[in-house]
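What follows is the content of work36.cif, which has mmCIF, N, CA and C atoms:
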data_upload
#
loop_
_atom_site.label_atom_id
_atom_site.label_comp_id
_atom_site.auth_asym_id
_atom_site.auth_seq_id
_atom_site.Cartn_x
_atom_site.Cartn_y
_atom_site.Cartn_z
N MET A 1 -3.90 -0.03 -11.58
CA MET A 1 -2.68 0.75 -11.39
C MET A 1 -1.57 0.08 -12.18
N ASN A 2 -0.73 0.88 -12.71
CA ASN A 2 0.45 0.40 -13.41
C ASN A 2 1.28 -0.44 -12.43
N GLU A 3 1.61 -1.66 -12.85
CA GLU A 3 2.33 -2.54 -11.92
C GLU A 3 3.71 -2.00 -11.55
N GLN A 4 4.36 -1.28 -12.46
CA GLN A 4 5.66 -0.69 -12.15
C GLN A 4 5.52 0.35 -11.03
N LEU A 5 4.43 1.11 -11.08
CA LEU A 5 4.18 2.11 -10.03
C LEU A 5 3.92 1.42 -8.70
N LEU A 6 3.16 0.35 -8.71
CA LEU A 6 2.88 -0.40 -7.48
C LEU A 6 4.18 -0.95 -6.88
N LEU A 7 5.03 -1.53 -7.71
CA LEU A 7 6.31 -2.04 -7.22
C LEU A 7 7.17 -0.92 -6.66
N SER A 8 7.14 0.23 -7.32
CA SER A 8 7.91 1.38 -6.86
C SER A 8 7.41 1.88 -5.50
N ILE A 9 6.11 1.89 -5.31
CA ILE A 9 5.53 2.32 -4.03
C ILE A 9 5.97 1.36 -2.91
N ILE A 10 5.92 0.07 -3.18
CA ILE A 10 6.33 -0.92 -2.17
C ILE A 10 7.79 -0.71 -1.80
N GLU A 11 8.65 -0.50 -2.79
CA GLU A 11 10.08 -0.29 -2.50
C GLU A 11 10.29 1.05 -1.80
N SER A 12 9.51 2.07 -2.15
CA SER A 12 9.64 3.38 -1.49
C SER A 12 9.31 3.28 -0.01
N VAL A 13 8.29 2.49 0.34
CA VAL A 13 7.97 2.29 1.76
C VAL A 13 9.18 1.68 2.46
N ASN A 14 9.80 0.69 1.84
CA ASN A 14 10.96 0.05 2.45
C ASN A 14 12.12 1.04 2.61
N THR A 15 12.39 1.79 1.57
CA THR A 15 13.51 2.73 1.60
C THR A 15 13.30 3.83 2.64
N ILE A 16 12.11 4.39 2.68
CA ILE A 16 11.84 5.55 3.54
C ILE A 16 11.50 5.14 4.97
N LYS A 17 10.71 4.09 5.14
CA LYS A 17 10.28 3.70 6.48
C LYS A 17 11.15 2.61 7.11
N GLY A 18 11.99 1.98 6.31
CA GLY A 18 12.90 0.96 6.85
C GLY A 18 12.30 -0.42 6.96
N HIS A 19 11.15 -0.63 6.35
CA HIS A 19 10.55 -1.97 6.33
C HIS A 19 9.61 -2.06 5.13
N TYR A 20 9.43 -3.27 4.65
CA TYR A 20 8.44 -3.48 3.60
C TYR A 20 7.05 -3.42 4.23
N PRO A 21 6.06 -2.96 3.47
CA PRO A 21 4.73 -2.80 4.06
C PRO A 21 4.01 -4.14 4.23
N GLY A 22 3.13 -4.15 5.22
CA GLY A 22 2.18 -5.24 5.34
C GLY A 22 1.03 -4.96 4.40
N LYS A 23 0.16 -5.93 4.24
CA LYS A 23 -0.99 -5.73 3.33
C LYS A 23 -1.84 -4.54 3.76
N LYS A 24 -2.15 -4.46 5.05
CA LYS A 24 -3.00 -3.37 5.53
C LYS A 24 -2.32 -2.02 5.33
N GLU A 25 -1.04 -1.93 5.65
CA GLU A 25 -0.31 -0.68 5.48
C GLU A 25 -0.27 -0.26 4.01
N LEU A 26 -0.08 -1.20 3.11
CA LEU A 26 -0.04 -0.86 1.68
C LEU A 26 -1.42 -0.40 1.20
N GLN A 27 -2.47 -1.07 1.64
CA GLN A 27 -3.83 -0.64 1.27
C GLN A 27 -4.07 0.81 1.69
N LYS A 28 -3.71 1.14 2.92
CA LYS A 28 -3.96 2.48 3.44
C LYS A 28 -3.05 3.52 2.78
N THR A 29 -1.80 3.17 2.51
CA THR A 29 -0.87 4.10 1.87
C THR A 29 -1.36 4.45 0.47
N ILE A 30 -1.78 3.46 -0.29
CA ILE A 30 -2.25 3.74 -1.66
C ILE A 30 -3.57 4.49 -1.61
N TYR A 31 -4.42 4.21 -0.64
CA TYR A 31 -5.66 4.98 -0.47
C TYR A 31 -5.32 6.47 -0.28
N LEU A 32 -4.37 6.76 0.60
CA LEU A 32 -3.98 8.16 0.84
C LEU A 32 -3.32 8.78 -0.39
N LEU A 33 -2.51 8.01 -1.10
CA LEU A 33 -1.90 8.52 -2.34
C LEU A 33 -2.98 8.90 -3.35
N GLN A 34 -4.01 8.08 -3.47
CA GLN A 34 -5.12 8.42 -4.37
C GLN A 34 -5.82 9.69 -3.91
N LYS A 35 -6.02 9.82 -2.61
CA LYS A 35 -6.68 11.03 -2.09
C LYS A 35 -5.85 12.27 -2.40
N LYS A 36 -4.52 12.10 -2.50
CA LYS A 36 -3.63 13.23 -2.79
C LYS A 36 -3.41 13.43 -4.29
N GLY A 37 -4.09 12.64 -5.12
CA GLY A 37 -4.04 12.88 -6.56
C GLY A 37 -3.32 11.86 -7.40
N LEU A 38 -2.83 10.77 -6.82
CA LEU A 38 -2.19 9.72 -7.61
C LEU A 38 -3.23 9.09 -8.52
N LEU A 39 -2.91 9.02 -9.79
CA LEU A 39 -3.84 8.43 -10.74
C LEU A 39 -3.87 6.92 -10.55
N SER A 40 -5.02 6.43 -10.18
CA SER A 40 -5.20 5.01 -9.93
C SER A 40 -6.67 4.68 -10.09
N ASP A 41 -6.95 3.47 -10.50
CA ASP A 41 -8.34 3.09 -10.72
C ASP A 41 -8.88 2.18 -9.62
N TYR A 42 -8.23 2.17 -8.47
CA TYR A 42 -8.70 1.33 -7.38
C TYR A 42 -9.92 1.97 -6.72
N SER A 43 -10.96 1.16 -6.59
CA SER A 43 -12.12 1.63 -5.82
C SER A 43 -12.02 0.98 -4.44
N TYR A 44 -12.46 1.72 -3.46
CA TYR A 44 -12.37 1.26 -2.07
C TYR A 44 -13.75 1.12 -1.47
N ARG A 45 -13.87 0.17 -0.56
CA ARG A 45 -15.08 -0.03 0.22
C ARG A 45 -14.67 -0.12 1.68
N PHE A 46 -15.66 0.05 2.55
CA PHE A 46 -15.35 -0.06 3.97
C PHE A 46 -15.27 -1.53 4.33
N TYR A 47 -14.24 -1.88 5.11
CA TYR A 47 -14.00 -3.27 5.47
C TYR A 47 -13.60 -3.31 6.95
N PHE A 48 -13.18 -4.44 7.44
CA PHE A 48 -12.86 -4.60 8.86
C PHE A 48 -11.86 -3.56 9.38
N TYR A 49 -10.85 -3.26 8.60
CA TYR A 49 -9.79 -2.35 9.04
C TYR A 49 -9.78 -1.05 8.26
N GLY A 50 -10.95 -0.58 7.85
CA GLY A 50 -11.03 0.68 7.12
C GLY A 50 -11.11 0.45 5.62
N PRO A 51 -10.70 1.46 4.83
CA PRO A 51 -10.83 1.36 3.38
C PRO A 51 -10.02 0.18 2.82
N TYR A 52 -10.66 -0.54 1.89
CA TYR A 52 -10.05 -1.74 1.33
C TYR A 52 -10.40 -1.82 -0.15
N SER A 53 -9.41 -2.15 -0.97
CA SER A 53 -9.61 -2.31 -2.40
C SER A 53 -9.41 -3.77 -2.80
N ASP A 54 -10.47 -4.38 -3.31
CA ASP A 54 -10.36 -5.76 -3.79
C ASP A 54 -9.39 -5.82 -4.97
N ALA A 55 -9.45 -4.83 -5.85
CA ALA A 55 -8.59 -4.82 -7.05
C ALA A 55 -7.11 -4.73 -6.67
N LEU A 56 -6.79 -3.93 -5.65
CA LEU A 56 -5.40 -3.84 -5.20
C LEU A 56 -4.94 -5.19 -4.64
N ASP A 57 -5.79 -5.83 -3.85
CA ASP A 57 -5.43 -7.14 -3.32
C ASP A 57 -5.23 -8.14 -4.46
N GLU A 58 -6.07 -8.08 -5.49
CA GLU A 58 -5.91 -8.97 -6.65
C GLU A 58 -4.60 -8.69 -7.37
N ASP A 59 -4.22 -7.41 -7.51
CA ASP A 59 -2.94 -7.08 -8.15
C ASP A 59 -1.76 -7.63 -7.34
N ILE A 60 -1.85 -7.53 -6.02
CA ILE A 60 -0.79 -8.07 -5.16
C ILE A 60 -0.69 -9.59 -5.35
N GLN A 61 -1.83 -10.25 -5.37
CA GLN A 61 -1.84 -11.71 -5.56
C GLN A 61 -1.30 -12.09 -6.94
N ARG A 62 -1.69 -11.35 -7.98
CA ARG A 62 -1.21 -11.63 -9.33
C ARG A 62 0.30 -11.46 -9.43
N LEU A 63 0.82 -10.37 -8.86
CA LEU A 63 2.27 -10.14 -8.90
C LEU A 63 3.03 -11.17 -8.07
N THR A 64 2.39 -11.70 -7.05
CA THR A 64 3.00 -12.77 -6.26
C THR A 64 3.07 -14.05 -7.09
N ILE A 65 1.99 -14.38 -7.76
CA ILE A 65 1.97 -15.57 -8.61
C ILE A 65 2.99 -15.45 -9.74
N GLN A 66 3.16 -14.24 -10.27
CA GLN A 66 4.11 -14.01 -11.36
C GLN A 66 5.56 -13.99 -10.87
N GLY A 67 5.75 -13.97 -9.56
CA GLY A 67 7.10 -14.00 -9.00
C GLY A 67 7.74 -12.65 -8.77
N ALA A 68 6.99 -11.55 -8.95
CA ALA A 68 7.54 -10.21 -8.72
C ALA A 68 7.51 -9.84 -7.24
N LEU A 69 6.54 -10.37 -6.50
CA LEU A 69 6.40 -10.09 -5.07
C LEU A 69 6.46 -11.38 -4.28
N GLU A 70 6.81 -11.24 -3.01
CA GLU A 70 6.75 -12.35 -2.07
C GLU A 70 5.98 -11.86 -0.85
N ILE A 71 5.19 -12.73 -0.26
CA ILE A 71 4.43 -12.39 0.94
C ILE A 71 4.91 -13.30 2.06
N HIS A 72 5.35 -12.66 3.14
CA HIS A 72 5.87 -13.38 4.30
C HIS A 72 5.02 -13.03 5.51
N GLN A 73 4.51 -14.03 6.18
CA GLN A 73 3.73 -13.77 7.38
C GLN A 73 4.69 -13.66 8.56
N ASP A 74 4.60 -12.52 9.27
CA ASP A 74 5.37 -12.40 10.50
C ASP A 74 4.39 -12.37 11.66
N GLU A 75 4.83 -11.94 12.79
CA GLU A 75 3.99 -12.01 13.99
C GLU A 75 2.69 -11.21 13.86
N TYR A 76 2.75 -10.08 13.12
CA TYR A 76 1.60 -9.18 13.10
C TYR A 76 0.94 -9.00 11.74
N THR A 77 1.62 -9.32 10.65
CA THR A 77 1.07 -8.97 9.34
C THR A 77 1.58 -9.90 8.26
N HIS A 78 1.06 -9.72 7.08
CA HIS A 78 1.57 -10.37 5.87
C HIS A 78 2.43 -9.32 5.17
N ARG A 79 3.75 -9.43 5.32
CA ARG A 79 4.68 -8.45 4.79
C ARG A 79 4.90 -8.70 3.30
N ILE A 80 4.80 -7.64 2.50
CA ILE A 80 4.95 -7.72 1.06
C ILE A 80 6.35 -7.24 0.69
N THR A 81 7.14 -8.12 0.07
CA THR A 81 8.49 -7.75 -0.34
C THR A 81 8.64 -7.95 -1.84
N LEU A 82 9.60 -7.23 -2.41
CA LEU A 82 9.91 -7.45 -3.81
C LEU A 82 10.78 -8.69 -3.92
N ALA A 83 10.51 -9.51 -4.94
CA ALA A 83 11.36 -10.68 -5.20
C ALA A 83 12.75 -10.19 -5.59
N GLU A 84 13.75 -10.98 -5.31
CA GLU A 84 15.14 -10.58 -5.54
C GLU A 84 15.41 -10.04 -6.95
N PRO A 85 14.97 -10.70 -8.02
CA PRO A 85 15.26 -10.15 -9.35
C PRO A 85 14.63 -8.77 -9.57
N VAL A 86 13.46 -8.55 -9.01
CA VAL A 86 12.79 -7.25 -9.14
C VAL A 86 13.50 -6.20 -8.30
N ARG A 87 13.95 -6.60 -7.11
CA ARG A 87 14.62 -5.69 -6.19
C ARG A 87 15.89 -5.09 -6.81
N ARG A 88 16.56 -5.88 -7.65
CA ARG A 88 17.79 -5.41 -8.28
C ARG A 88 17.52 -4.36 -9.36
N ALA A 89 16.31 -4.34 -9.89
CA ALA A 89 15.97 -3.39 -10.96
C ALA A 89 14.65 -2.70 -10.64
N VAL A 90 14.59 -2.09 -9.47
CA VAL A 90 13.35 -1.47 -9.02
C VAL A 90 12.96 -0.33 -9.97
N PRO A 91 11.73 -0.37 -10.44
CA PRO A 91 11.27 0.72 -11.30
C PRO A 91 11.07 1.99 -10.48
N THR A 92 11.10 3.12 -11.16
CA THR A 92 10.82 4.38 -10.47
C THR A 92 9.34 4.71 -10.61
N ALA A 93 8.88 5.61 -9.78
CA ALA A 93 7.48 6.01 -9.83
C ALA A 93 7.20 7.02 -10.94
N GLY A 94 8.22 7.35 -11.71
CA GLY A 94 8.03 8.27 -12.84
C GLY A 94 7.54 9.63 -12.40
N ASP A 95 6.50 10.12 -13.08
CA ASP A 95 5.94 11.43 -12.78
C ASP A 95 5.38 11.51 -11.36
N ALA A 96 5.02 10.38 -10.79
CA ALA A 96 4.42 10.35 -9.45
C ALA A 96 5.45 10.26 -8.34
N ALA A 97 6.74 10.21 -8.68
CA ALA A 97 7.79 9.96 -7.68
C ALA A 97 7.76 10.97 -6.55
N GLU A 98 7.61 12.24 -6.85
CA GLU A 98 7.62 13.27 -5.80
C GLU A 98 6.44 13.09 -4.86
N LEU A 99 5.25 12.84 -5.41
CA LEU A 99 4.06 12.63 -4.58
C LEU A 99 4.22 11.38 -3.73
N VAL A 100 4.70 10.29 -4.32
CA VAL A 100 4.87 9.03 -3.60
C VAL A 100 5.88 9.20 -2.47
N GLN A 101 7.05 9.70 -2.78
CA GLN A 101 8.10 9.83 -1.77
C GLN A 101 7.73 10.84 -0.69
N GLY A 102 7.10 11.94 -1.06
CA GLY A 102 6.69 12.94 -0.08
C GLY A 102 5.63 12.41 0.86
N THR A 103 4.65 11.69 0.31
CA THR A 103 3.58 11.14 1.15
C THR A 103 4.12 10.08 2.10
N ILE A 104 4.94 9.18 1.58
CA ILE A 104 5.50 8.13 2.44
C ILE A 104 6.41 8.74 3.50
N SER A 105 7.15 9.78 3.15
CA SER A 105 7.98 10.47 4.15
C SER A 105 7.10 11.06 5.25
N ASP A 106 5.98 11.66 4.86
CA ASP A 106 5.05 12.22 5.84
C ASP A 106 4.50 11.14 6.77
N LEU A 107 4.39 9.92 6.26
CA LEU A 107 3.80 8.82 7.03
C LEU A 107 4.83 7.97 7.78
N ARG A 108 6.11 8.30 7.65
CA ARG A 108 7.15 7.39 8.14
C ARG A 108 7.09 7.12 9.64
N LYS A 109 6.57 8.03 10.43
CA LYS A 109 6.51 7.80 11.88
C LYS A 109 5.12 7.40 12.35
N ILE A 110 4.22 7.16 11.40
CA ILE A 110 2.85 6.78 11.74
C ILE A 110 2.74 5.26 11.71
N SER A 111 2.29 4.67 12.80
CA SER A 111 2.16 3.22 12.88
C SER A 111 1.03 2.75 11.97
N PRO A 112 1.05 1.49 11.56
CA PRO A 112 -0.07 0.96 10.78
C PRO A 112 -1.42 1.12 11.48
N ALA A 113 -1.45 1.01 12.80
CA ALA A 113 -2.71 1.18 13.54
C ALA A 113 -3.23 2.61 13.41
N HIS A 114 -2.33 3.59 13.52
CA HIS A 114 -2.75 4.98 13.36
C HIS A 114 -3.10 5.28 11.91
N LEU A 115 -2.41 4.66 10.98
CA LEU A 115 -2.72 4.81 9.56
C LEU A 115 -4.12 4.26 9.29
N GLU A 116 -4.45 3.15 9.90
CA GLU A 116 -5.78 2.57 9.78
C GLU A 116 -6.85 3.52 10.31
N LEU A 117 -6.61 4.10 11.47
CA LEU A 117 -7.56 5.03 12.06
C LEU A 117 -7.72 6.28 11.19
N MET A 118 -6.62 6.83 10.73
CA MET A 118 -6.66 8.04 9.91
C MET A 118 -7.44 7.80 8.61
N THR A 119 -7.14 6.70 7.92
CA THR A 119 -7.82 6.46 6.64
C THR A 119 -9.29 6.10 6.85
N THR A 120 -9.60 5.46 7.97
CA THR A 120 -11.00 5.14 8.27
C THR A 120 -11.80 6.43 8.46
N ILE A 121 -11.26 7.36 9.20
CA ILE A 121 -11.96 8.64 9.41
C ILE A 121 -12.16 9.37 8.09
N ILE A 122 -11.12 9.43 7.28
CA ILE A 122 -11.22 10.10 5.97
C ILE A 122 -12.28 9.41 5.11
N PHE A 123 -12.25 8.08 5.07
CA PHE A 123 -13.22 7.33 4.26
C PHE A 123 -14.64 7.60 4.74
N LEU A 124 -14.86 7.54 6.05
CA LEU A 124 -16.20 7.75 6.58
C LEU A 124 -16.70 9.17 6.31
N LEU A 125 -15.84 10.16 6.45
CA LEU A 125 -16.22 11.54 6.16
C LEU A 125 -16.54 11.73 4.67
N ASP A 126 -15.70 11.17 3.82
CA ASP A 126 -15.91 11.30 2.37
C ASP A 126 -17.18 10.60 1.89
N ASN A 127 -17.56 9.54 2.58
CA ASN A 127 -18.72 8.76 2.15
C ASN A 127 -19.95 9.02 3.01
N HIS A 128 -19.91 10.07 3.81
CA HIS A 128 -21.05 10.51 4.63
C HIS A 128 -21.66 9.37 5.44
N MET A 129 -20.79 8.60 6.07
CA MET A 129 -21.28 7.46 6.86
C MET A 129 -21.41 7.85 8.32
#
Using structure tokens, write down the structure that the file contains.
Amino acid sequence: MNEQLLLSIIESVNTIKGHYPGKKELQKTIYLLQKKGLLSDYSYRFYFYGPYSDALDEDIQRLTIQGALEIHQDEYTHRITLAEPVRRAVPTAGDAAELVQGTISDLRKISPAHLELMTTIIFLLDNHM
């Protein structure tokens, strides 16, 4: 995935839902965005908490090492935030902005636990498990 798009998605979650996403929430949000047509090359497998992309986790780790993202552990999750210099110049989602913002708006009242359940059911149905 284009790193600018990934950064834009993370900031959109913060803007629309009022918090930066945890790792699990970001995994599930991008999984749903792909299901709705977002162009991305992340492949997903079934894992402890539903669909999981190793490549997405690697991108998050790479952007953290490069200083674009910060990961803070709170009581329940590893919260992913944009580093201050990136936050001041947040990229837009470009052509995908409407899909990203609309999907995140649709998910704004859904807890990460319900998001996990929803994406797990979709993944299992799609993969005939």
Subject >> Output of the PyMOL selection byres (((chain A and resi 70-87 and name CA) around 7) and name CA), listed as a ChimeraX atom specification >> reply: /A:20-23,64,67-69,88-90
**OP:** Given the file shown, enumerate the residues that the PyMOL selection byres ((chain A and resi 30-38) around 8) captures and present them as a PyMOL selection string.
**Re:** chain A and resi 24-29+39-41+44+51-52+96+99-100+103-104+119
**OP:** Could you please write out, as a PyMOL selection string, every residue of chain A that DSSP assigns to alpha helix (DSSP H)?
**Re:** chain A and resi 3-17+23-35+54-65+84-88+97-107+112-126
**OP:** Tell me which of A:Gly94, A:Gly102, A:Gly50, A:Gly18 sits closest to Phe123 (chain A), counting only N, CA and C atoms.
**Re:** A:Gly50
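For the choices A:Gln61, A:Ser8, A:Thr15, A:Asn2, the atom-to-atom distance to Thr92 (chain A) is smallest for A:Ser8 when using all atoms listed in the file.
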**OP:** Name every residue that the PyMOL selection byres ((chain A and resi 55) around 8) selects in this structure, writing the answer as a list of chain:residue names with chains first and numbers rising.
**Re:**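 What the PyMOL selection byres ((chain A and resi 55) around 8) grabs from the file is A:Met1, A:Asp41, A:Tyr42, A:Ser43, A:Tyr44, A:Tyr52, A:Ser53, A:Asp54, A:Leu56, A:Asp57, A:Glu58, A:Asp59, A:Ile60, A:Gln61.
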Region 5-11 of chain A: axis-aligned bounding box, 4 Å on each side, centre and edge lengths in Å, one decimal, as lines of an AutoDock Vina configuration file:
center_x = 6.6
center_y = 0.1
center_z = -6.4
size_x = 15.4
size_y = 12.4
size_z = 17.3
